[in-house]
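Structure file entry.csv with CSV, C-alpha atoms and all ligand atoms:
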```csv
chain,number,residue,atom,x,y,z
A,1420,MET,CA,-1.1,-43.6,-18.8
A,1421,ASN,CA,1.5,-43.1,-21.5
A,1422,GLU,CA,4.9,-41.6,-20.8
A,1423,GLU,CA,4.2,-38.5,-22.8
A,1424,MET,CA,1.2,-37.8,-20.7
A,1425,ASN,CA,3.2,-38.2,-17.5
A,1426,GLN,CA,5.7,-35.7,-18.8
A,1427,LEU,CA,3.0,-33.2,-19.6
A,1428,ILE,CA,1.6,-33.5,-16.1
A,1429,ALA,CA,5.0,-33.1,-14.6
A,1430,LEU,CA,5.6,-30.0,-16.8
A,1431,GLN,CA,2.2,-28.5,-15.7
A,1432,GLU,CA,3.2,-29.0,-12.1
A,1433,ILE,CA,6.5,-27.3,-12.7
A,1434,ASP,CA,4.8,-24.4,-14.4
A,1435,ALA,CA,2.3,-24.0,-11.6
A,1436,GLU,CA,5.3,-23.9,-9.2
A,1437,LEU,CA,7.0,-21.3,-11.3
A,1438,ALA,CA,3.9,-19.1,-11.4
A,1439,GLY,CA,3.7,-19.5,-7.6
A,1440,PHE,CA,7.2,-18.0,-7.2
A,1441,ASP,CA,6.2,-14.8,-9.0
A,1442,ARG,CA,3.1,-14.5,-6.8
A,1443,GLU,CA,5.1,-15.1,-3.7
A,1444,ILE,CA,7.7,-12.5,-4.6
A,1445,ASN,CA,4.9,-10.1,-5.5
A,1446,GLU,CA,3.2,-10.6,-2.1
A,1447,GLN,CA,6.4,-10.0,-0.3
A,1448,GLN,CA,7.1,-6.8,-2.2
A,1449,GLN,CA,3.6,-5.6,-1.6
A,1450,GLU,CA,4.1,-5.9,2.1
A,1451,ILE,CA,7.2,-3.7,1.9
A,1452,SER,CA,5.3,-1.2,-0.3
A,1453,LYS,CA,2.5,-1.0,2.2
A,1454,ARG,CA,5.0,-0.2,5.0
A,1455,GLU,CA,6.8,2.4,2.8
A,1456,GLN,CA,3.5,4.1,2.0
A,1457,SER,CA,2.5,4.2,5.7
A,1458,ILE,CA,5.9,5.8,6.5
A,1459,SER,CA,5.6,8.3,3.6
A,1460,ASP,CA,2.1,9.2,4.9
A,1461,LYS,CA,3.4,9.9,8.3
A,1462,GLU,CA,6.3,12.0,6.9
A,1463,THR,CA,3.7,14.1,5.0
A,1464,ALA,CA,1.6,14.5,8.1
A,1465,ILE,CA,4.7,15.7,10.1
A,1466,ALA,CA,5.7,18.2,7.4
A,1467,ALA,CA,2.1,19.6,7.4
A,1468,CYS,CA,2.3,19.9,11.2
A,1469,HIS,CA,5.6,21.8,11.0
A,1470,GLU,CA,4.1,24.2,8.4
A,1471,LYS,CA,1.1,24.7,10.7
A,1472,VAL,CA,3.4,25.5,13.6
A,1473,ALA,CA,5.5,27.9,11.5
A,1474,SER,CA,2.3,29.8,10.4
A,1475,LEU,CA,1.0,29.9,14.0
A,1476,GLU,CA,4.4,31.3,15.2
A,1477,GLN,CA,4.1,34.0,12.6
A,1478,GLN,CA,0.6,34.7,13.9
A,1479,GLN,CA,2.1,34.9,17.4
A,1480,ARG,CA,4.6,37.6,16.3
A,1481,ASP,CA,2.0,39.6,14.4
A,1482,ILE,CA,-0.3,39.6,17.5
A,1483,ALA,CA,2.7,40.6,19.7
A,1484,LEU,CA,3.3,43.6,17.4
A,1485,GLU,CA,-0.4,44.6,17.5
A,1486,ASN,CA,-0.2,44.4,21.3
A,1487,ASP,CA,2.9,46.6,21.4
A,1488,ASP,CA,1.2,49.1,19.1
A,1489,ALA,CA,-1.9,49.2,21.3
A,1490,GLY,CA,0.3,49.7,24.4
A,1491,ALA,CA,2.1,52.5,22.8
A,1492,ARG,CA,-1.2,54.2,21.9
A,1493,ILE,CA,-2.3,53.9,25.5
A,1494,LYS,CA,0.8,55.6,26.7
A,1495,ASP,CA,0.5,58.3,24.1
A,1496,ARG,CA,-3.1,59.1,25.0
A,1497,GLN,CA,-2.3,59.1,28.7
A,1498,ASN,CA,0.4,61.7,28.1
A,1499,LYS,CA,-2.0,63.8,26.1
A,1500,MET,CA,-4.5,63.6,28.9
A,1501,MET,CA,-2.3,65.9,31.0
A,1502,GLN,CA,-2.3,68.5,28.3
A,1503,VAL,CA,-5.9,68.7,27.2
A,1504,GLN,CA,-8.2,71.5,28.5
A,1505,THR,CA,-11.8,70.5,27.7
A,1506,SER,CA,-13.8,67.6,29.1
A,1507,ARG,CA,-14.8,66.7,25.6
A,1508,GLU,CA,-11.1,66.1,24.6
A,1509,HIS,CA,-10.6,64.3,27.9
A,1510,GLN,CA,-13.5,62.0,27.1
A,1511,ALA,CA,-12.3,61.3,23.6
A,1512,LEU,CA,-8.9,60.3,24.9
A,1513,LEU,CA,-10.4,58.1,27.6
A,1514,LYS,CA,-12.5,56.4,25.0
A,1515,GLU,CA,-9.4,55.7,22.9
A,1516,ILE,CA,-7.5,54.3,25.9
A,1517,GLU,CA,-10.5,52.0,26.7
A,1518,GLU,CA,-10.6,50.8,23.1
A,1519,ASN,CA,-6.9,49.9,23.1
A,1520,LYS,CA,-7.2,48.1,26.4
A,1521,ARG,CA,-10.0,46.0,25.0
A,1522,LEU,CA,-7.9,45.3,21.9
A,1523,ILE,CA,-5.0,44.1,24.2
A,1524,LYS,CA,-7.4,41.8,26.1
A,1525,GLU,CA,-8.7,40.4,22.8
A,1526,THR,CA,-5.2,39.8,21.4
A,1527,GLU,CA,-4.1,38.1,24.6
A,1528,GLU,CA,-7.0,35.7,24.3
A,1529,THR,CA,-6.1,35.0,20.7
A,1530,LEU,CA,-2.5,34.5,21.7
A,1531,LEU,CA,-3.5,31.9,24.3
A,1532,THR,CA,-5.5,30.0,21.7
A,1533,VAL,CA,-2.6,30.1,19.3
A,1534,MET,CA,-0.2,28.9,21.9
A,1535,GLU,CA,-2.4,26.0,22.8
A,1536,THR,CA,-2.8,25.0,19.2
A,1537,ILE,CA,1.0,25.1,18.8
A,1538,GLU,CA,1.5,22.9,21.8
A,1539,GLN,CA,-1.2,20.5,20.5
A,1540,THR,CA,0.4,20.3,17.1
A,1541,GLU,CA,3.9,19.8,18.6
A,1542,SER,CA,2.7,16.9,20.7
A,1543,GLU,CA,1.0,15.5,17.5
A,1544,VAL,CA,4.4,15.7,15.8
A,1545,ALA,CA,6.1,13.9,18.7
A,1546,GLU,CA,3.6,11.1,18.5
A,1547,LEU,CA,3.9,10.8,14.8
A,1548,GLU,CA,7.7,10.8,15.0
A,1549,ASN,CA,7.6,8.1,17.6
A,1550,LEU,CA,5.4,5.9,15.3
A,1551,LEU,CA,7.7,6.7,12.4
A,1552,THR,CA,10.8,5.6,14.2
A,1553,GLY,CA,9.1,2.3,15.0
A,1554,GLU,CA,7.9,1.8,11.5
A,1555,GLN,CA,11.3,2.6,10.0
A,1556,GLU,CA,12.9,0.0,12.3
A,1557,LEU,CA,10.2,-2.5,11.2
A,1558,LEU,CA,10.8,-1.7,7.6
A,1559,ASN,CA,14.5,-2.3,7.9
A,1560,LYS,CA,13.9,-5.7,9.5
A,1561,GLU,CA,11.2,-6.6,7.0
A,1562,THR,CA,13.3,-5.5,4.0
A,1563,THR,CA,16.2,-7.8,5.2
A,1564,ALA,CA,13.8,-10.7,5.7
A,1565,VAL,CA,12.1,-10.2,2.4
A,1566,LYS,CA,15.5,-10.0,0.6
A,1567,LYS,CA,16.4,-13.3,2.2
A,1568,LYS,CA,13.1,-14.9,1.2
A,1569,ILE,CA,13.3,-13.7,-2.3
A,1570,LYS,CA,16.8,-15.0,-2.6
A,1571,LYS,CA,15.6,-18.4,-1.5
A,1572,ILE,CA,12.7,-18.3,-3.9
A,1573,GLU,CA,15.0,-17.3,-6.8
A,1574,SER,CA,17.4,-20.2,-6.0
A,1575,ARG,CA,14.4,-22.6,-5.9
A,1576,ARG,CA,13.2,-21.1,-9.2
A,1577,LYS,CA,16.5,-21.8,-10.8
A,1578,THR,CA,16.3,-25.4,-9.8
A,1579,VAL,CA,12.7,-25.7,-11.1
A,1580,ALA,CA,13.5,-23.8,-14.3
A,1581,ALA,CA,16.3,-26.3,-14.9
A,1582,GLN,CA,13.9,-29.1,-14.4
A,1583,ARG,CA,11.5,-27.5,-16.9
A,1584,LYS,CA,14.3,-27.1,-19.5
A,1585,LYS,CA,15.2,-30.8,-19.1
A,1586,LEU,CA,11.6,-31.9,-19.5
A,1587,SER,CA,10.9,-29.6,-22.4
A,1588,GLU,CA,13.8,-31.2,-24.3
A,1589,VAL,CA,12.3,-34.6,-23.8
A,1590,LEU,CA,8.8,-33.7,-25.1
A,1591,GLY,CA,8.2,-33.5,-28.8
A,1592,ALA,CA,8.5,-30.0,-30.3
A,1593,ALA,CA,4.9,-30.0,-31.6
A,1594,LEU,CA,3.4,-31.1,-28.3
A,1595,LEU,CA,5.6,-28.6,-26.4
A,1596,LYS,CA,4.4,-25.8,-28.7
A,1597,ARG,CA,0.8,-26.8,-28.2
A,1598,TYR,CA,1.3,-27.0,-24.4
A,1599,ASN,CA,3.1,-23.6,-24.2
A,1600,MET,CA,0.3,-21.9,-26.2
A,1601,LEU,CA,-2.4,-23.4,-24.0
A,1602,LEU,CA,-0.5,-22.3,-20.9
A,1603,ILE,CA,-0.6,-18.7,-22.1
A,1604,LYS,CA,-4.2,-18.8,-23.4
A,1605,ARG,CA,-5.6,-20.7,-20.4
A,1606,GLU,CA,-4.1,-18.7,-17.5
A,1607,GLY,CA,-1.3,-21.1,-16.7
A,1608,LEU,CA,-3.3,-24.3,-16.8
A,1609,ALA,CA,-2.7,-26.3,-20.0
A,1610,VAL,CA,-3.2,-29.8,-18.6
A,1611,ALA,CA,-6.4,-30.5,-16.7
A,1612,GLN,CA,-7.5,-33.5,-14.7
A,1613,THR,CA,-10.9,-35.1,-15.4
A,1614,ILE,CA,-13.1,-36.1,-12.5
A,1615,ASN,CA,-16.4,-37.9,-13.1
A,1616,GLY,CA,-16.3,-36.9,-16.7
A,1617,VAL,CA,-15.8,-33.2,-15.9
A,1618,CYS,CA,-12.8,-31.2,-17.1
A,1619,GLN,CA,-11.3,-29.6,-14.0
A,1620,GLY,CA,-9.9,-26.7,-16.1
A,1621,CYS,CA,-13.3,-25.3,-17.3
A,1622,HIS,CA,-15.7,-27.5,-15.2
A,1623,MET,CA,-17.6,-28.6,-18.3
A,1624,SER,CA,-18.6,-32.2,-19.0
A,1625,ILE,CA,-16.9,-34.2,-21.6
A,1626,PRO,CA,-18.8,-36.6,-23.9
A,1627,PRO,CA,-18.8,-40.1,-22.2
A,1628,GLN,CA,-17.1,-41.7,-25.2
A,1629,GLN,CA,-14.3,-39.2,-25.0
A,1630,PHE,CA,-14.0,-39.6,-21.3
A,1631,ASN,CA,-13.4,-43.4,-21.9
A,1632,GLU,CA,-10.6,-42.4,-24.2
A,1633,VAL,CA,-9.2,-40.1,-21.6
A,1634,ARG,CA,-9.3,-42.9,-19.0
A,1635,LYS,CA,-7.5,-45.2,-21.4
A,1636,GLY,CA,-4.9,-42.6,-21.8
A,1637,ASP,CA,-3.2,-43.8,-24.9
A,1638,LYS,CA,-4.1,-40.9,-27.2
A,1639,LEU,CA,-3.9,-37.2,-26.5
A,1640,GLN,CA,-7.4,-35.9,-25.6
A,1641,LEU,CA,-8.4,-32.2,-25.6
A,1642,CYS,CA,-11.3,-30.8,-23.7
A,1643,PRO,CA,-14.0,-29.9,-26.3
A,1644,THR,CA,-14.8,-26.7,-24.4
A,1645,CYS,CA,-11.4,-25.2,-23.3
A,1646,GLN,CA,-9.0,-27.3,-25.4
A,1647,ARG,CA,-6.9,-28.2,-22.4
A,1648,ILE,CA,-5.0,-31.5,-22.5
A,1649,LEU,CA,-7.0,-33.9,-20.5
A,1650,TYR,CA,-5.8,-36.7,-18.2
A,1651,PHE,CA,-7.4,-39.2,-15.8
A,1652,GLN,CA,-6.0,-40.4,-12.5
A,1653,GLU,CA,-7.6,-43.4,-10.9
A,1654,GLU,CA,-7.1,-42.6,-7.2
A,1655,GLU,CA,-8.7,-39.2,-7.5
A,1656,SER,CA,-11.9,-40.4,-9.2
A,1657,GLU,CA,-15.0,-40.7,-7.1
A,1658,GLU,CA,-16.6,-43.2,-9.4
B,1701,ZN,ZN,-12.1,-27.9,-20.3
```

In structure tokens, what does this structure look like?
Ligand SMILES: [Zn+2]
Amino acid sequence: MNEEMNQLIALQEIDAELAGFDREINEQQQEISKREQSISDKETAIAACHEKVASLEQQQRDIALENDDAGARIKDRQNKMMQVQTSREHQALLKEIEENKRLIKETEETLLTVMETIEQTESEVAELENLLTGEQELLNKETTAVKKKIKKIESRRKTVAAQRKKLSEVLGAALLKRYNMLLIKREGLAVAQTINGVCQGCHMSIPPQQFNEVRKGDKLQLCPTCQRILYFQEEESEE
């Protein structure tokens, strides 16, 4: 294989590595985003619980007022009982007293339900806050770890980018331009290996005559289907 081809293969390897860095950084950041989303979901749930408790407490106060009113009405009717003359008036007051007693009983039952719901919601909050604390600690640790990893990746990237620059300078301008265009058009793979006469970039067969040329490796050969630059490597052939 000629020197130019070797350089192209090396350049392709470098570009694959460079693309890998972006993917790795992306994956790392996605992990952090996932954790942040989960924390934000819990914060939203906690806020909703607090709102629910506040509204239940308001309901509690309203019920207590209703209760007081009913109690006051009972006292009032009981006082009036001592002043009424007819049994009809007496009956009417008794009926009112009974109604208010029933109202008090009902409100007390409602109050109990409200109190239970408040307790339930508050224990929900406690559980969520517990989880939240744990997740925030994890996030802090993960953020530190990811920052370190990204720093390492970036430093490796610098080294590889320098290698790329060096290699680009060696390659002819026209060839480099063709390579760079292919890299963009063909999803990061400009140079493809051929195995058993098949282009490993697009998995289509190459005419046998051209495959022979690729094997010889003294002239630049492009895949007739995907236009990638083709090369052949003896040890990876199954022929
Ligand atoms: Zn191809």

Chain A near ligand ZN 1701 (chain B) within 9 Å: what's each residue's closest atom pair and its distance in Å to one decimal, counting all atoms listed in the file, ordered by chain then ascending residue number, as a tab-separated table?
```
residue	atom	partner	partner_atom	distance
A:Ala1611	CA	B:ZN1701	ZN	7.2
A:Thr1613	CA	B:ZN1701	ZN	8.8
A:Val1617	CA	B:ZN1701	ZN	7.8
A:Cys1618	CA	B:ZN1701	ZN	4.6
A:Gln1619	CA	B:ZN1701	ZN	6.6
A:Gly1620	CA	B:ZN1701	ZN	4.9
A:Cys1621	CA	B:ZN1701	ZN	4.1
A:His1622	CA	B:ZN1701	ZN	6.3
A:Met1623	CA	B:ZN1701	ZN	5.9
A:Ser1624	CA	B:ZN1701	ZN	7.9
A:Ile1625	CA	B:ZN1701	ZN	8.0
A:Leu1641	CA	B:ZN1701	ZN	7.8
A:Cys1642	CA	B:ZN1701	ZN	4.5
A:Pro1643	CA	B:ZN1701	ZN	6.6
A:Thr1644	CA	B:ZN1701	ZN	5.1
A:Cys1645	CA	B:ZN1701	ZN	4.1
A:Gln1646	CA	B:ZN1701	ZN	6.0
A:Arg1647	CA	B:ZN1701	ZN	5.6
A:Ile1648	CA	B:ZN1701	ZN	8.3
A:Leu1649	CA	B:ZN1701	ZN	7.9
```

Those residues you just picked out, can you put them in a file as a compact mmCIF listing (two decimals), keeping the file's coordinate frame with C-alpha atoms?
```txt
# COMPACT_ATOMS: atom_id res chain seq x y z
CA ALA A 1611 -6.40 -30.50 -16.70
CA THR A 1613 -10.90 -35.10 -15.40
CA VAL A 1617 -15.80 -33.20 -15.90
CA CYS A 1618 -12.80 -31.20 -17.10
CA GLN A 1619 -11.30 -29.60 -14.00
CA GLY A 1620 -9.90 -26.70 -16.10
CA CYS A 1621 -13.30 -25.30 -17.30
CA HIS A 1622 -15.70 -27.50 -15.20
CA MET A 1623 -17.60 -28.60 -18.30
CA SER A 1624 -18.60 -32.20 -19.00
CA ILE A 1625 -16.90 -34.20 -21.60
CA LEU A 1641 -8.40 -32.20 -25.60
CA CYS A 1642 -11.30 -30.80 -23.70
CA PRO A 1643 -14.00 -29.90 -26.30
CA THR A 1644 -14.80 -26.70 -24.40
CA CYS A 1645 -11.40 -25.20 -23.30
CA GLN A 1646 -9.00 -27.30 -25.40
CA ARG A 1647 -6.90 -28.20 -22.40
CA ILE A 1648 -5.00 -31.50 -22.50
CA LEU A 1649 -7.00 -33.90 -20.50
```

- Task: Counting only C-alpha atoms, figure out which residue out of A:Leu1522, A:Ala1466, A:Leu1427, A:Leu1602 gets nearest to Thr1540 in chain A.
- Result: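 Smallest separation from Thr1540 in chain A among the options: A:Ala1466.
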
- Message: Quick check, in Å to one decimal: how far apart do CA of Asp1488 in chain A and CA of Glu1515 in chain A lie?
- Response: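 Pair CA of Asp1488 in chain A / CA of Glu1515 in chain A returns 13.1 Å.
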
- Query: By how many Å are CA of Ile1458 in chain A and CA of Glu1543 in chain A apart?
  - Reply: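 We find that CA of Ile1458 in chain A and CA of Glu1543 in chain A lie 15.5 Å from each other.
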
- With all atoms listed in the file as the atoms that count, which of A:Ala1592, A:Ala1511, A:Ile1523, A:Leu1475 lies nearest to Asp1487 in chain A?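 The shortest atom-to-atom distance to Asp1487 in chain A comes from A:Ile1523.
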
With all atoms listed in the file counted and 9 Å as the cut-off, give the residues of range 1422-1484 of chain A in contact with range 1561-1578 of chain A, each with its shortest interatomic distance in Å and the pair that gives it, as JSON lines.
```
{"residue": "A:Glu1436", "atom": "CA", "partner": "A:Arg1576", "partner_atom": "CA", "distance": 8.4}
{"residue": "A:Leu1437", "atom": "CA", "partner": "A:Arg1576", "partner_atom": "CA", "distance": 6.5}
{"residue": "A:Phe1440", "atom": "CA", "partner": "A:Ile1572", "partner_atom": "CA", "distance": 6.4}
{"residue": "A:Asp1441", "atom": "CA", "partner": "A:Ile1572", "partner_atom": "CA", "distance": 9.0}
{"residue": "A:Glu1443", "atom": "CA", "partner": "A:Ile1572", "partner_atom": "CA", "distance": 8.2}
{"residue": "A:Ile1444", "atom": "CA", "partner": "A:Ile1569", "partner_atom": "CA", "distance": 6.2}
{"residue": "A:Gln1447", "atom": "CA", "partner": "A:Val1565", "partner_atom": "CA", "distance": 6.3}
{"residue": "A:Gln1448", "atom": "CA", "partner": "A:Val1565", "partner_atom": "CA", "distance": 7.6}
{"residue": "A:Glu1450", "atom": "CA", "partner": "A:Glu1561", "partner_atom": "CA", "distance": 8.7}
{"residue": "A:Ile1451", "atom": "CA", "partner": "A:Thr1562", "partner_atom": "CA", "distance": 6.7}
```

- Item | Which residue of A:Leu1513, A:Gln1477, A:Phe1651, A:Asp1434 approaches Lys1638 in chain A most closely, using only C-alpha atoms |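 Selected residue with least distance to Lys1638 in chain A: A:Phe1651.
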
- Mind giving me the straight-line distance from CA of Asp1637 in chain A to CA of Ala1429 in chain A in Å, one decimal?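 Distance between the two atoms: 17.0 Å.
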
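With all atoms listed in the file taken into account, the protein and nucleic acid residues at most 12 Å from Gln1478 in chain A (excluding it and anything under 4 positions from it in its own chain) are Lys1471, Val1472, Ala1473, Ser1474, Ile1482, Ala1483, Leu1484, Glu1485, Thr1526, Thr1529, Leu1530, Leu1531, Thr1532, Val1533, Met1534, Thr1536 and Ile1537 of chain A.
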
- For Ile1516 in chain A, work out the shell of residues within 9 Å, counting all atoms listed in the file and skipping chain neighbours fewer than 3 positions away, then give it as a PyMOL selection string. chain A and resi 1489+1492-1494+1496-1497+1511-1513+1519-1521

Could I get the residues of range 1537-1564 of chain A with an atom no further than 9 Å from an atom of range 1460-1464 of chain A, each paired with its nearest atom pair and that distance in Å to one decimal, using only C-alpha atoms, sorted by chain and residue number, as CSV?
```
residue,atom,partner,partner_atom,distance
A:Val1544,CA,A:Ala1464,CA,8.3
A:Leu1547,CA,A:Lys1461,CA,6.6
A:Glu1548,CA,A:Lys1461,CA,8.0
A:Leu1550,CA,A:Lys1461,CA,8.3
A:Leu1551,CA,A:Lys1461,CA,6.7
```

- Task: Up to 12 Å from (4.3, -31.4, -29.6) in the file's coordinates: name the residues, counting only C-alpha atoms, as a ChimeraX atom specification.
- Result: /A:1423-1424,1426-1427,1587-1601,1639,1648

- Item | Which residue of A:Gly1616, A:Glu1538, A:Tyr1650, A:Arg1454 approaches Lys1560 in chain A most closely, using only C-alpha atoms |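 Answer, going by the shortest atom-to-atom distance: A:Arg1454.
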